Amino acid sequence: MRKVIIVVDMINDFVTGKFGSGRAQSIVPNIASLLEKARQKAIPIIYLVDTHSSSDPELEIWGEHAMKGSDGAEIIPGLKPKEGDVVLKKSWYSGFVDTKLPELLKELGVDTIIFTGVSTDICVQNNVSFAYFSGYKTVVPMDCTASIDEKSYELSLKYMKNIYGTEITTSDEVL
């Protein structure tokens, strides 16, 4: 089994900025610890970073956020990528759309994707769905994901487990 960890949208606007929350901030230590364990085991790490231009359709729904070149679109200081990590910018909820992610996963020979980050009920769930439809096993350590509200978070975890067969686990058990 070849695993990869994907860190979804752990950027300033989604952790401490416009859409930030205490929930998002609370998962940072868990993700940081998981990433260090992954690096020790040579498990690849890919960051998906929401990055928008003024013409992106998503802005009609959410307003300006994570604008290209802004501080809001930067990965938070506590989770900065290290040498060997891959950073992919995305302009849709899923990094499987209009990025090199599908090709990269094939190059790496991945069969299992571990998803961390925010927001569980939007970008994480949409990435899980694309991964499932692409034939990957999906895993979500629940202490490494967050949504703005608890109800949406819980419904999303249940949905991913029941519809995509996602393994819902913890950061201590995932590796």
# chains A, B, ... in the order shown; residues from 1 in each chain; ligands from 1
$ select_by_dssp --residues "chain A" --states "helix (DSSP H, G or I)" --output "ChimeraX atom specification"
/A:12-15,22-26,28-40,58-62,71-73,77-79,101-108,120-133,142-144,150-164
$ write_last_selection --atoms "C-alpha atoms" --output "compact mmCIF listing (two decimals), in the first residue's frame"
# COMPACT_ATOMS: atom_id res chain seq x y z
CA ASN A 12 -4.41 32.07 6.58
CA ASP A 13 -7.89 32.91 5.28
CA PHE A 14 -9.24 29.51 6.37
CA VAL A 15 -7.46 29.16 9.71
CA GLY A 22 -11.08 28.07 16.63
CA ARG A 23 -11.86 24.62 15.24
CA ALA A 24 -9.42 25.13 12.35
CA GLN A 25 -6.75 26.45 14.71
CA SER A 26 -7.19 23.49 17.07
CA VAL A 28 -2.83 22.52 13.56
CA PRO A 29 -0.76 20.62 16.19
CA ASN A 30 -2.32 17.30 15.12
CA ILE A 31 -1.55 17.92 11.45
CA ALA A 32 1.99 19.10 12.26
CA SER A 33 2.64 15.94 14.26
CA LEU A 34 1.20 13.71 11.53
CA LEU A 35 3.33 15.39 8.87
CA GLU A 36 6.51 14.86 10.90
CA LYS A 37 5.69 11.16 11.30
CA ALA A 38 4.97 10.93 7.57
CA ARG A 39 8.31 12.54 6.69
CA GLN A 40 10.11 10.04 8.94
CA GLU A 58 -16.32 30.51 -6.55
CA LEU A 59 -16.03 34.21 -5.63
CA GLU A 60 -19.68 34.67 -6.57
CA ILE A 61 -20.58 32.25 -3.78
CA TRP A 62 -18.08 33.16 -1.05
CA ASP A 71 -1.40 36.80 2.67
CA GLY A 72 -4.76 35.02 2.93
CA ALA A 73 -3.64 32.46 0.33
CA PRO A 77 3.27 29.42 9.59
CA GLY A 78 2.79 26.30 11.76
CA LEU A 79 2.47 24.02 8.72
CA LEU A 101 -2.65 16.31 -8.82
CA PRO A 102 -4.06 13.35 -10.80
CA GLU A 103 -0.80 12.93 -12.73
CA LEU A 104 1.31 13.35 -9.61
CA LEU A 105 -0.62 10.66 -7.72
CA LYS A 106 -0.11 8.26 -10.66
CA GLU A 107 3.62 9.07 -10.79
CA LEU A 108 3.91 8.35 -7.07
CA THR A 120 -14.27 19.07 6.11
CA ASP A 121 -17.72 19.62 4.60
CA ILE A 122 -16.54 21.55 1.54
CA CYS A 123 -13.01 21.14 0.19
CA VAL A 124 -11.99 18.00 2.09
CA GLN A 125 -15.23 16.21 1.15
CA ASN A 126 -14.97 17.28 -2.50
CA ASN A 127 -11.38 16.04 -2.70
CA VAL A 128 -12.42 12.75 -1.10
CA SER A 129 -15.19 12.34 -3.68
CA PHE A 130 -12.84 12.92 -6.63
CA ALA A 131 -10.31 10.53 -5.08
CA TYR A 132 -12.98 7.88 -4.64
CA PHE A 133 -14.19 8.30 -8.23
CA MET A 142 -10.94 13.29 12.20
CA ASP A 143 -8.62 15.16 14.56
CA CYS A 144 -6.85 16.63 11.51
CA GLU A 150 -19.86 20.98 14.40
CA LYS A 151 -23.05 19.73 12.73
CA SER A 152 -21.64 20.17 9.20
CA TYR A 153 -18.41 18.49 10.31
CA GLU A 154 -20.18 15.44 11.74
CA LEU A 155 -22.53 15.09 8.75
CA SER A 156 -19.57 15.28 6.36
CA LEU A 157 -17.59 12.57 8.16
CA LYS A 158 -20.66 10.33 8.18
CA TYR A 159 -21.33 11.03 4.49
CA MET A 160 -17.74 10.24 3.44
CA LYS A 161 -17.75 7.02 5.45
CA ASN A 162 -21.15 5.83 4.21
CA ILE A 163 -20.96 6.97 0.57
CA TYR A 164 -17.24 6.68 -0.30
$ closest_residue --among "A:Ile6, A:Ala146, A:Val97, A:Ile11" --to "A:Ser70" --atoms "only C-alpha atoms"
A:Ile11
$ residues_around --residues "A:Val174" --least-positions-apart "5" --cutoff "8 Å" --atoms "only C-alpha atoms" --output "mmCIF file with N, CA and C atoms, in the first residue's frame"
data_model
loop_
_atom_site.group_PDB
_atom_site.id
_atom_site.type_symbol
_atom_site.label_atom_id
_atom_site.label_comp_id
_atom_site.auth_asym_id
_atom_site.auth_seq_id
_atom_site.Cartn_x
_atom_site.Cartn_y
_atom_site.Cartn_z
ATOM 1 N N VAL A 139 -8.785 8.090 3.415
ATOM 2 C CA VAL A 139 -8.693 8.045 4.870
ATOM 3 C C VAL A 139 -8.759 9.482 5.387
ATOM 4 N N PRO A 141 -8.285 11.356 9.062
ATOM 5 C CA PRO A 141 -8.116 11.412 10.512
ATOM 6 C C PRO A 141 -8.934 12.582 11.046
ATOM 7 N N THR A 169 -10.615 7.872 11.043
ATOM 8 C CA THR A 169 -9.705 7.394 12.067
ATOM 9 C C THR A 169 -9.157 8.590 12.848
#
$ closest_residue --among "A:Asp9, A:Glu83, A:Asp111, A:Asp172" --to "A:Ile45" --atoms "only C-alpha atoms"
A:Glu83
$ atom_distance --atom1 "atom CA of A:Val87" --atom2 "atom CA of A:Gly20"
20.7 Å
$ decode --residues "stretch 55-136 of chain A" --atoms "C-alpha atoms" --output "compact mmCIF listing (two decimals), in the first residue's frame"
# COMPACT_ATOMS: atom_id res chain seq x y z
CA SER A 55 -12.66 35.84 -12.46
CA ASP A 56 -13.07 32.60 -10.48
CA PRO A 57 -16.73 31.50 -10.21
CA GLU A 58 -16.32 30.51 -6.55
CA LEU A 59 -16.03 34.21 -5.63
CA GLU A 60 -19.68 34.67 -6.57
CA ILE A 61 -20.58 32.25 -3.78
CA TRP A 62 -18.08 33.16 -1.05
CA GLY A 63 -16.81 36.62 -1.95
CA GLU A 64 -13.13 37.44 -2.18
CA HIS A 65 -10.86 35.08 -0.30
CA ALA A 66 -7.50 33.41 -0.82
CA MET A 67 -6.66 35.82 -3.61
CA LYS A 68 -3.52 35.07 -5.63
CA GLY A 69 -0.55 36.86 -4.10
CA SER A 70 -2.36 37.75 -0.87
CA ASP A 71 -1.40 36.80 2.67
CA GLY A 72 -4.76 35.02 2.93
CA ALA A 73 -3.64 32.46 0.33
CA GLU A 74 -0.42 31.60 2.18
CA ILE A 75 0.01 28.34 4.11
CA ILE A 76 -0.10 29.07 7.84
CA PRO A 77 3.27 29.42 9.59
CA GLY A 78 2.79 26.30 11.76
CA LEU A 79 2.47 24.02 8.72
CA LYS A 80 4.94 25.45 6.22
CA PRO A 81 6.07 22.88 3.64
CA LYS A 82 9.50 21.31 3.98
CA GLU A 83 11.94 20.27 1.30
CA GLY A 84 10.40 17.51 -0.81
CA ASP A 85 6.80 18.47 -0.08
CA VAL A 86 4.66 19.47 -3.06
CA VAL A 87 2.45 22.58 -3.15
CA LEU A 88 -0.35 22.77 -5.72
CA LYS A 89 -2.55 25.82 -6.15
CA LYS A 90 -6.21 25.20 -6.88
CA SER A 91 -9.12 27.43 -7.79
CA TRP A 92 -11.91 24.88 -7.24
CA TYR A 93 -13.00 23.00 -4.14
CA SER A 94 -11.13 19.94 -5.41
CA GLY A 95 -7.47 19.75 -6.30
CA PHE A 96 -8.36 17.05 -8.83
CA VAL A 97 -9.69 19.79 -11.14
CA ASP A 98 -7.30 21.88 -13.27
CA THR A 99 -4.12 20.89 -11.39
CA LYS A 100 -1.38 18.30 -11.82
CA LEU A 101 -2.65 16.31 -8.82
CA PRO A 102 -4.06 13.35 -10.80
CA GLU A 103 -0.80 12.93 -12.73
CA LEU A 104 1.31 13.35 -9.61
CA LEU A 105 -0.62 10.66 -7.72
CA LYS A 106 -0.11 8.26 -10.66
CA GLU A 107 3.62 9.07 -10.79
CA LEU A 108 3.91 8.35 -7.07
CA GLY A 109 2.10 5.02 -7.45
CA VAL A 110 -0.37 5.99 -4.74
CA ASP A 111 -3.35 3.83 -3.84
CA THR A 112 -4.34 5.43 -0.52
CA ILE A 113 -4.85 9.13 0.20
CA ILE A 114 -4.96 10.53 3.73
CA PHE A 115 -6.80 13.87 3.79
CA THR A 116 -6.26 16.57 6.40
CA GLY A 117 -7.32 20.21 6.56
CA VAL A 118 -10.38 22.41 6.12
CA SER A 119 -13.17 22.66 5.55
CA THR A 120 -14.27 19.07 6.11
CA ASP A 121 -17.72 19.62 4.60
CA ILE A 122 -16.54 21.55 1.54
CA CYS A 123 -13.01 21.14 0.19
CA VAL A 124 -11.99 18.00 2.09
CA GLN A 125 -15.23 16.21 1.15
CA ASN A 126 -14.97 17.28 -2.50
CA ASN A 127 -11.38 16.04 -2.70
CA VAL A 128 -12.42 12.75 -1.10
CA SER A 129 -15.19 12.34 -3.68
CA PHE A 130 -12.84 12.92 -6.63
CA ALA A 131 -10.31 10.53 -5.08
CA TYR A 132 -12.98 7.88 -4.64
CA PHE A 133 -14.19 8.30 -8.23
CA SER A 134 -10.56 8.01 -9.34
CA GLY A 135 -10.17 4.64 -7.60
CA TYR A 136 -8.24 5.63 -4.49
